[in-house]
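Undergrad: Input: one structure, supplied below.
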Amino acid sequence: MPPAHRTVPRPVFHFTPRRNWMNDPNGLVHHRGLWHLYFQYNPEGPDWGNMSWGHATSPDLEHWTEHAVALSHRAGEQIYSGSIVAARDGEGPLTAYYTSAYDDGHQAQSRAVSHDGGFTWTPAPENPVLDRGSRAFRDPKVIRYDAEGAARWIMLAVEADDRQVLLYASRDLRSWEFQSSFGPLGGAGVVWECPDLVRLPLDGHPDDERWVLLLSTNEVGDDTRGEGSSMHYVVGHFDGVAFTPERPRPTRLDHGRDFYAGVTFDNAPGDEAVMLGWMGNWRYADAFPSTPWRGAMSLPRRLSLRTVDGVPRLVQQPPGFVRDRLARATRSTFPGGPDRPGITLSGHSLLELCWDPAATGALRLSLHGDTDARVDLQHDSGSLRLTRSGPAAEAVHPGFPSTSTVPLPDATPARLLLVLDGPLLEVFVGDGEATVSNLVLLGGGPVTAAVRTERAAPVTAAVADVAPATP
Ligand code: FRU
């Protein structure tokens, strides 16, 4: 068996820590021209533990530089997930809120401040600053809420086991007053984690806004038939005090198995909503055979809200550098059919396919590299199915082989963008009305994409290798 670092190449245009364990993105903020990414990190090993905030920055959301650990665990206290807000004049300090997870099992919110643009942090001497004596009160996300010219800060944090989000308000980022709670709703048997609340215009109309509550839900227990970790969203209204949903049910945010703890950047230029998630699943994250790193971030995704079939739908689009590369990609049109030669990808690649399902019938796409794991996509009327299978997938964990199903509107023509970066596969459907994100095990060499259609009719493919195959 080849060493794991050969079979699991390191992603090239997604963030991974140089070494050791990583989970949730934390403290996402744009400040003085830099995108800051902090992350749940074990500075001392490849498994979850000693939770601290690692730190990386990027000028462009494509190239990341890792820095020293920003907030370190210490005796009796781990630093769990949280967020950062920037003063809007770019002058004031950065303020972080995170969960202090104490060794006695209790969880409360703490504050830290940075006066050097996010590189060094000082925890407040009076920490924790928000404490309910709870064992599952965590993941503070602070957002800015402007009403009648007065800035107010809103903190969302979960009571994870109760499936509730609690909202607090502050005018000075120091003292917090309870406003309201939201939940439970949707399926039981999960904990709620890492909430966020994002203001978005519906169909681009600035005077028709909605608020979208993002929720990470993780199944309790070890049933390998379940999906483990996933994200949902709820579209509604927010008046500065309470969140009111438009519909009783949360909607699935990403249909794959490996997109979790996604939250948005504070203070993004142009007020854009840019979300980043952890590409992992608590069910098997500790068994993924990558080394010396374990854990990767998704692409940063631009969020918008569009009416689809009469309902506001969250749309996720890849970042500018991906769209730029696609615009310059090699494009060719070939007749589909059952026997097409495969397209060779370096494995750090973008592949966009466009076709007319009314002419081609069902389309299948299979990806394979130099391992015995494979990925198959099947696009048929009404659904897209993505299956991850093969001995190498089975060897990770009994819950790793999977089929993800995306219900599809009957779009003609159809369009799929596959973003493959070593072990990370993100599929954007149409304009981003649906996404499917999965860890894959296609090896370190080139990857062949075989496209087959039921009937011979034109399929257009745009291919761009972002980097060569991993040697
Ligand atoms: C979500 C989560 C958070 C917690 C952190 C601990 O993945 O469980 O609720 O703060 O990870 O690492």
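Order determines the names: the first chain of the structure tokens is A, the second B, and so forth; residues in each chain are numbered 1 upward, and ligands are numbered 1 upward as they are shown.
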Pull the closest atom pair for each residue of chain A that gets at most 6 Å from ligand 1, along with the distance in Å to one decimal, counting only C-alpha atoms and all ligand atoms, ordering rows by chain and then ascending residue number, as JSON lines.
TA:
{"residue": "A:Asp24", "atom": "CA", "partner": "ligand 1", "partner_atom_place_in_ligand_line": "7 (O)", "distance": 5.5}
{"residue": "A:Gln40", "atom": "CA", "partner": "ligand 1", "partner_atom_place_in_ligand_line": "12 (O)", "distance": 5.6}
{"residue": "A:Tyr80", "atom": "CA", "partner": "ligand 1", "partner_atom_place_in_ligand_line": "10 (O)", "distance": 4.1}
{"residue": "A:Ser81", "atom": "CA", "partner": "ligand 1", "partner_atom_place_in_ligand_line": "10 (O)", "distance": 3.9}
{"residue": "A:Arg138", "atom": "CA", "partner": "ligand 1", "partner_atom_place_in_ligand_line": "10 (O)", "distance": 5.9}
{"residue": "A:Asp139", "atom": "CA", "partner": "ligand 1", "partner_atom_place_in_ligand_line": "10 (O)", "distance": 5.2}
{"residue": "A:Glu193", "atom": "CA", "partner": "ligand 1", "partner_atom_place_in_ligand_line": "9 (O)", "distance": 4.6}
{"residue": "A:Cys194", "atom": "CA", "partner": "ligand 1", "partner_atom_place_in_ligand_line": "9 (O)", "distance": 5.8}
{"residue": "A:Ala261", "atom": "CA", "partner": "ligand 1", "partner_atom_place_in_ligand_line": "7 (O)", "distance": 5.7}
Undergrad: Can you list, as an MDAnalysis selection string, every protein, DNA or RNA residue that comes within 10 Å of Arg301 in chain A when you count only C-alpha atoms, leaving out same-chain residues fewer than 4 positions away?
TA: chainID A and resid 61 262 264 273:277 315:320 432
Undergrad: With all heavy atoms kept, could you save the residues just selected as a short mmCIF file (atom, residue, chain, number, x, y, z; two decimals), in the first residue's frame?
TA:
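This went into out_7.cif:
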data_model
loop_
_atom_site.label_atom_id
_atom_site.label_comp_id
_atom_site.auth_asym_id
_atom_site.auth_seq_id
_atom_site.Cartn_x
_atom_site.Cartn_y
_atom_site.Cartn_z
N LEU A 61 -8.35 35.19 -1.39
CA LEU A 61 -9.17 34.00 -1.13
C LEU A 61 -8.66 32.75 -1.88
O LEU A 61 -9.30 31.72 -1.86
CB LEU A 61 -10.65 34.23 -1.48
CG LEU A 61 -11.39 35.23 -0.59
CD1 LEU A 61 -12.81 35.49 -1.14
CD2 LEU A 61 -11.48 34.74 0.85
N GLY A 262 -20.09 25.99 8.27
CA GLY A 262 -19.92 27.14 7.36
C GLY A 262 -20.46 28.42 8.00
O GLY A 262 -21.57 28.43 8.53
N THR A 264 -19.98 33.09 7.65
CA THR A 264 -19.57 34.14 6.71
C THR A 264 -18.53 35.07 7.33
O THR A 264 -18.40 35.18 8.55
CB THR A 264 -20.78 34.98 6.28
OG1 THR A 264 -21.39 35.53 7.45
CG2 THR A 264 -21.79 34.15 5.51
N ALA A 273 -21.73 38.53 1.07
CA ALA A 273 -21.76 37.42 2.02
C ALA A 273 -20.87 36.33 1.46
O ALA A 273 -21.19 35.73 0.43
CB ALA A 273 -23.19 36.92 2.19
N VAL A 274 -19.75 36.08 2.11
CA VAL A 274 -18.80 35.06 1.65
C VAL A 274 -18.69 34.01 2.75
O VAL A 274 -18.31 34.33 3.88
CB VAL A 274 -17.41 35.67 1.35
CG1 VAL A 274 -16.45 34.60 0.85
CG2 VAL A 274 -17.53 36.81 0.35
N MET A 275 -19.04 32.80 2.41
CA MET A 275 -19.08 31.71 3.39
C MET A 275 -17.97 30.70 3.13
O MET A 275 -17.66 30.37 1.99
CB MET A 275 -20.43 31.00 3.29
CG MET A 275 -20.56 29.76 4.16
SD MET A 275 -22.14 28.90 3.93
CE MET A 275 -21.97 28.29 2.27
N LEU A 276 -17.41 30.21 4.21
CA LEU A 276 -16.38 29.17 4.14
C LEU A 276 -16.80 28.05 5.09
O LEU A 276 -17.29 28.33 6.18
CB LEU A 276 -15.07 29.79 4.62
CG LEU A 276 -13.77 29.10 4.34
CD1 LEU A 276 -13.46 29.19 2.86
CD2 LEU A 276 -12.65 29.83 5.09
N GLY A 277 -16.63 26.80 4.68
CA GLY A 277 -17.00 25.69 5.57
C GLY A 277 -15.84 24.72 5.71
O GLY A 277 -14.86 24.76 4.96
N VAL A 315 -28.27 30.60 -2.97
CA VAL A 315 -27.43 30.28 -4.14
C VAL A 315 -25.97 30.47 -3.71
O VAL A 315 -25.63 31.46 -3.07
CB VAL A 315 -27.80 31.20 -5.32
CG1 VAL A 315 -26.83 31.04 -6.47
CG2 VAL A 315 -29.23 30.91 -5.76
N GLN A 316 -25.13 29.49 -4.03
CA GLN A 316 -23.71 29.55 -3.65
C GLN A 316 -22.86 29.55 -4.91
O GLN A 316 -22.97 28.64 -5.72
CB GLN A 316 -23.35 28.33 -2.81
CG GLN A 316 -24.22 28.16 -1.58
CD GLN A 316 -23.94 26.85 -0.87
OE1 GLN A 316 -22.80 26.54 -0.56
NE2 GLN A 316 -24.98 26.08 -0.63
N GLN A 317 -22.02 30.57 -5.04
CA GLN A 317 -21.18 30.64 -6.24
C GLN A 317 -19.71 30.61 -5.87
O GLN A 317 -19.31 31.10 -4.81
CB GLN A 317 -21.51 31.90 -7.02
CG GLN A 317 -22.84 31.72 -7.72
CD GLN A 317 -23.35 32.96 -8.41
OE1 GLN A 317 -23.19 34.06 -7.87
NE2 GLN A 317 -23.96 32.79 -9.55
N PRO A 318 -18.91 30.00 -6.75
CA PRO A 318 -17.48 29.92 -6.44
C PRO A 318 -16.84 31.31 -6.47
O PRO A 318 -17.40 32.24 -7.04
CB PRO A 318 -16.93 29.04 -7.57
CG PRO A 318 -17.93 29.09 -8.65
CD PRO A 318 -19.25 29.37 -8.02
N PRO A 319 -15.67 31.45 -5.85
CA PRO A 319 -15.04 32.78 -5.77
C PRO A 319 -14.51 33.25 -7.12
O PRO A 319 -14.42 32.47 -8.07
CB PRO A 319 -13.89 32.54 -4.79
CG PRO A 319 -13.58 31.10 -4.90
CD PRO A 319 -14.87 30.40 -5.21
N GLY A 320 -14.15 34.53 -7.17
CA GLY A 320 -13.73 35.18 -8.41
C GLY A 320 -12.64 34.44 -9.15
O GLY A 320 -12.69 34.30 -10.38
N GLY A 432 -25.52 27.60 -9.13
CA GLY A 432 -25.19 27.47 -7.71
C GLY A 432 -26.44 27.27 -6.85
O GLY A 432 -26.38 27.45 -5.64
#
Undergrad: At a cut-off of 9 Å, using only C-alpha atoms, what residues contact Asp116 in chain A? Leave out same-chain residues fewer than 4 positions from it and give the result as a tab-separated table (two decimals) with N, CA, C and O atoms, in the first residue's frame.
TA:
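Contents of around_30.tsv, as written:
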chain	number	residue	atom	x	y	z
A	93	PRO	N	-9.76	48.25	17.24
A	93	PRO	CA	-9.26	46.88	17.40
A	93	PRO	C	-10.20	45.86	16.79
A	93	PRO	O	-11.33	46.18	16.43
A	94	LEU	N	-9.74	44.64	16.66
A	94	LEU	CA	-10.61	43.52	16.31
A	94	LEU	C	-11.07	42.87	17.61
A	94	LEU	O	-10.29	42.74	18.56
A	120	THR	N	-1.91	39.05	17.15
A	120	THR	CA	-1.80	38.66	18.56
A	120	THR	C	-3.06	39.09	19.30
A	120	THR	O	-3.67	40.12	18.96
A	121	TRP	N	-3.43	38.32	20.29
A	121	TRP	CA	-4.72	38.49	20.97
A	121	TRP	C	-4.56	38.48	22.48
A	121	TRP	O	-3.75	37.73	23.02
Undergrad: At a cut-off of 8 Å, using only C-alpha atoms, what residues contact range 238-245 of chain A? Leave out same-chain residues fewer than 6 positions from it and give the result as a PyMOL selection string.
TA: chain A and resi 145+147+154+167+169+179-182+210-211
Undergrad: What's around Pro471 in chain A at 10 Å? Count only C-alpha atoms, leave out sequence neighbours fewer than 6 positions away in its own chain, and write the answer as a PyMOL selection string.
TA: chain A and resi 6+9+444-446
Undergrad: Run DSSP on the backbone and give me the residues of range 195-306 of chain A it puts in helix (DSSP H, G or I), as a list in words.
TA: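 Answer for range 195-306 of chain A restricted to helix (DSSP H, G or I) is Pro269, Gly270, Asp271, Ala285, Asp286 and Ala287 of chain A.
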Undergrad: Tell me which of A:Phe137, A:Tyr233, A:Phe13, A:Tyr102 sits closest to Leu425 in chain A, counting only C-alpha atoms.
TA: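 Among the listed residues, the smallest separation from Leu425 in chain A belongs to A:Phe13.
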Undergrad: At most 9 Å is the cut-off: for each residue in range 24-56 of chain A with any atom that close to an atom of range 283-289 of chain A, write down the nearest atom pair and the distance in Å rounded to one decimal, counting only C-alpha atoms, chain first then increasing number, as a Markdown table.
TA:
| residue | atom | partner | partner_atom | distance |
| --- | --- | --- | --- | --- |
| A:Pro46 | CA | A:Asp286 | CA | 8.2 |
| A:Asp47 | CA | A:Asp286 | CA | 6.2 |
| A:Trp48 | CA | A:Asp286 | CA | 7.6 |
Undergrad: Apply DSSP to the backbone of this structure and, from range 11-62 of chain A, keep only the residues in strand (DSSP E); write these as a PyMOL selection string.
TA: chain A and resi 20-31+34-42+52-58
Undergrad: At most 6 Å is the cut-off: for each residue in range 380-463 of chain A with any atom that close to an atom of range 253-259 of chain A, write down the nearest atom pair and the distance in Å rounded to one decimal, counting only C-alpha atoms, chain first then increasing number, as JSON lines.
TA:
{"residue": "A:Ser404", "atom": "CA", "partner": "A:Gly256", "partner_atom": "CA", "distance": 5.8}
{"residue": "A:Thr435", "atom": "CA", "partner": "A:Asp254", "partner_atom": "CA", "distance": 5.2}
{"residue": "A:Val436", "atom": "CA", "partner": "A:Gly256", "partner_atom": "CA", "distance": 4.3}
{"residue": "A:Ser437", "atom": "CA", "partner": "A:Gly256", "partner_atom": "CA", "distance": 4.5}
{"residue": "A:Asn438", "atom": "CA", "partner": "A:Asp258", "partner_atom": "CA", "distance": 4.9}
Undergrad: Take the residues from that selection and put them in a file with C-alpha atoms, as an mmCIF file, in the first residue's frame.
TA:
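Contents of out-v4.cif, as written:
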data_model
loop_
_atom_site.group_PDB
_atom_site.id
_atom_site.type_symbol
_atom_site.label_atom_id
_atom_site.label_comp_id
_atom_site.auth_asym_id
_atom_site.auth_seq_id
_atom_site.Cartn_x
_atom_site.Cartn_y
_atom_site.Cartn_z
ATOM 1 C CA SER A 404 -25.905 11.934 -2.154
ATOM 2 C CA THR A 435 -23.954 22.201 -4.174
ATOM 3 C CA VAL A 436 -22.521 18.790 -3.310
ATOM 4 C CA SER A 437 -19.236 18.680 -1.385
ATOM 5 C CA ASN A 438 -17.383 15.464 -0.663
#
Undergrad: Could you jot down the CA of Val406 in chain A to CA of Arg385 in chain A separation for me, Å, one decimal place?
TA: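 If I compute the distance from CA of Val406 in chain A to CA of Arg385 in chain A, I get 6.3 Å.
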Undergrad: Quick check, in Å to one decimal: how far apart do CA of Pro338 in chain A and CA of Val440 in chain A lie?
TA: 24.9 Å
Undergrad: Excluding same-chain residues fewer than 2 positions from Asp356 in chain A, what lies within 7 Å of it counting only C-alpha atoms, as a list in words?
TA: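 The neighbour list is Ala358, Ala359, Thr360, Thr412, Pro413 and Ala414 of chain A.
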Undergrad: I'd like the interatomic distance between CA of Val263 in chain A and CA of Glu91 in chain A, to a tenth of an Å.
TA: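 Between CA of Val263 in chain A and CA of Glu91 in chain A the gap works out to 24.2 Å.
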Undergrad: Got a sec: who's within 12 Å of Ser290 in chain A, counting only C-alpha atoms, leaving out chain neighbours fewer than 5 positions off, as number ranges by chain?
TA: A: 3-11, 16-22, 46-47, 285, 295-296, 396, 422-424, 439-441, 443-444
Undergrad: Generate the output file for the selected residues, N, CA and C atoms, as an mmCIF file, in the first residue's frame.
TA:
data_model
loop_
_atom_site.group_PDB
_atom_site.id
_atom_site.type_symbol
_atom_site.label_atom_id
_atom_site.label_comp_id
_atom_site.auth_asym_id
_atom_site.auth_seq_id
_atom_site.Cartn_x
_atom_site.Cartn_y
_atom_site.Cartn_z
ATOM 1 N N PRO A 3 2.262 5.018 0.734
ATOM 2 C CA PRO A 3 2.030 5.838 1.926
ATOM 3 C C PRO A 3 0.860 6.793 1.706
ATOM 4 N N ALA A 4 0.161 7.116 2.828
ATOM 5 C CA ALA A 4 -1.070 7.907 2.717
ATOM 6 C C ALA A 4 -0.841 9.253 2.038
ATOM 7 N N HIS A 5 0.328 9.871 2.264
ATOM 8 C CA HIS A 5 0.504 11.198 1.668
ATOM 9 C C HIS A 5 0.580 11.115 0.154
ATOM 10 N N ARG A 6 0.867 9.902 -0.374
ATOM 11 C CA ARG A 6 0.840 9.749 -1.828
ATOM 12 C C ARG A 6 -0.591 9.555 -2.315
ATOM 13 N N THR A 7 -1.389 8.830 -1.525
ATOM 14 C CA THR A 7 -2.757 8.554 -1.980
ATOM 15 C C THR A 7 -3.678 9.744 -1.708
ATOM 16 N N VAL A 8 -3.332 10.578 -0.724
ATOM 17 C CA VAL A 8 -4.146 11.767 -0.437
ATOM 18 C C VAL A 8 -3.285 13.005 -0.664
ATOM 19 N N PRO A 9 -3.311 13.528 -1.886
ATOM 20 C CA PRO A 9 -2.481 14.707 -2.150
ATOM 21 C C PRO A 9 -3.027 15.917 -1.392
ATOM 22 N N ARG A 10 -2.156 16.869 -1.136
ATOM 23 C CA ARG A 10 -2.585 18.087 -0.440
ATOM 24 C C ARG A 10 -3.296 18.999 -1.436
ATOM 25 N N PRO A 11 -4.445 19.557 -1.042
ATOM 26 C CA PRO A 11 -5.111 20.525 -1.927
ATOM 27 C C PRO A 11 -4.182 21.701 -2.242
ATOM 28 N N THR A 16 -5.330 24.184 3.810
ATOM 29 C CA THR A 16 -5.091 23.097 4.771
ATOM 30 C C THR A 16 -3.977 23.568 5.694
ATOM 31 N N PRO A 17 -3.997 23.174 6.956
ATOM 32 C CA PRO A 17 -2.883 23.562 7.832
ATOM 33 C C PRO A 17 -1.636 22.776 7.453
ATOM 34 N N ARG A 18 -0.471 23.363 7.704
ATOM 35 C CA ARG A 18 0.792 22.661 7.355
ATOM 36 C C ARG A 18 0.817 21.273 7.976
ATOM 37 N N ARG A 19 0.421 21.223 9.244
ATOM 38 C CA ARG A 19 0.363 19.916 9.888
ATOM 39 C C ARG A 19 -0.743 19.921 10.938
ATOM 40 N N ASN A 20 -1.140 18.726 11.345
ATOM 41 C CA ASN A 20 -2.069 18.519 12.468
ATOM 42 C C ASN A 20 -3.541 18.727 12.113
ATOM 43 N N TRP A 21 -4.342 18.568 13.158
ATOM 44 C CA TRP A 21 -5.811 18.527 13.025
ATOM 45 C C TRP A 21 -6.428 19.919 12.882
ATOM 46 N N MET A 22 -7.452 20.017 11.990
ATOM 47 C CA MET A 22 -8.243 21.248 11.868
ATOM 48 C C MET A 22 -9.713 20.876 11.691
ATOM 49 N N PRO A 46 -2.474 15.057 15.314
ATOM 50 C CA PRO A 46 -3.334 14.836 14.150
ATOM 51 C C PRO A 46 -4.792 14.533 14.499
ATOM 52 N N ASP A 47 -5.124 14.498 15.797
ATOM 53 C CA ASP A 47 -6.506 14.207 16.188
ATOM 54 C C ASP A 47 -7.104 15.398 16.915
ATOM 55 N N ALA A 285 -14.180 11.956 10.435
ATOM 56 C CA ALA A 285 -13.079 12.914 10.203
ATOM 57 C C ALA A 285 -11.746 12.394 10.753
ATOM 58 N N GLY A 295 -7.754 17.834 7.726
ATOM 59 C CA GLY A 295 -8.809 18.849 7.727
ATOM 60 C C GLY A 295 -8.536 19.866 6.646
ATOM 61 N N ALA A 296 -9.586 20.217 5.885
ATOM 62 C CA ALA A 296 -9.446 21.195 4.793
ATOM 63 C C ALA A 296 -10.661 22.110 4.803
ATOM 64 N N VAL A 396 -11.889 3.569 4.761
ATOM 65 C CA VAL A 396 -11.807 4.736 5.648
ATOM 66 C C VAL A 396 -12.682 4.507 6.874
ATOM 67 N N GLY A 422 -7.321 17.696 -5.430
ATOM 68 C CA GLY A 422 -6.833 16.540 -4.671
ATOM 69 C C GLY A 422 -8.025 15.804 -4.063
ATOM 70 N N PRO A 423 -8.095 15.715 -2.722
ATOM 71 C CA PRO A 423 -9.174 14.939 -2.097
ATOM 72 C C PRO A 423 -10.466 15.721 -1.904
ATOM 73 N N LEU A 424 -10.570 16.925 -2.451
ATOM 74 C CA LEU A 424 -11.765 17.746 -2.246
ATOM 75 C C LEU A 424 -12.542 17.869 -3.554
ATOM 76 N N LEU A 439 -15.364 14.668 0.384
ATOM 77 C CA LEU A 439 -13.978 14.201 0.339
ATOM 78 C C LEU A 439 -13.935 13.007 -0.602
ATOM 79 N N VAL A 440 -12.896 12.915 -1.412
ATOM 80 C CA VAL A 440 -12.775 11.793 -2.343
ATOM 81 C C VAL A 440 -11.349 11.231 -2.251
ATOM 82 N N LEU A 441 -11.178 10.019 -2.741
ATOM 83 C CA LEU A 441 -9.868 9.355 -2.631
ATOM 84 C C LEU A 441 -9.430 8.884 -4.005
ATOM 85 N N GLY A 443 -6.530 9.527 -5.439
ATOM 86 C CA GLY A 443 -5.083 9.359 -5.556
ATOM 87 C C GLY A 443 -4.374 10.645 -5.941
ATOM 88 N N GLY A 444 -3.044 10.526 -6.133
ATOM 89 C CA GLY A 444 -2.233 11.716 -6.368
ATOM 90 C C GLY A 444 -1.914 11.988 -7.828
#
Undergrad: Measuring between only C-alpha atoms, which one of A:Ser134, A:Arg199, A:Pro43, A:Val220 shows the shortest distance to Asp271 in chain A?
TA: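 Of A:Ser134, A:Arg199, A:Pro43, A:Val220, the one nearest Asp271 in chain A, counting only C-alpha atoms, is A:Arg199.
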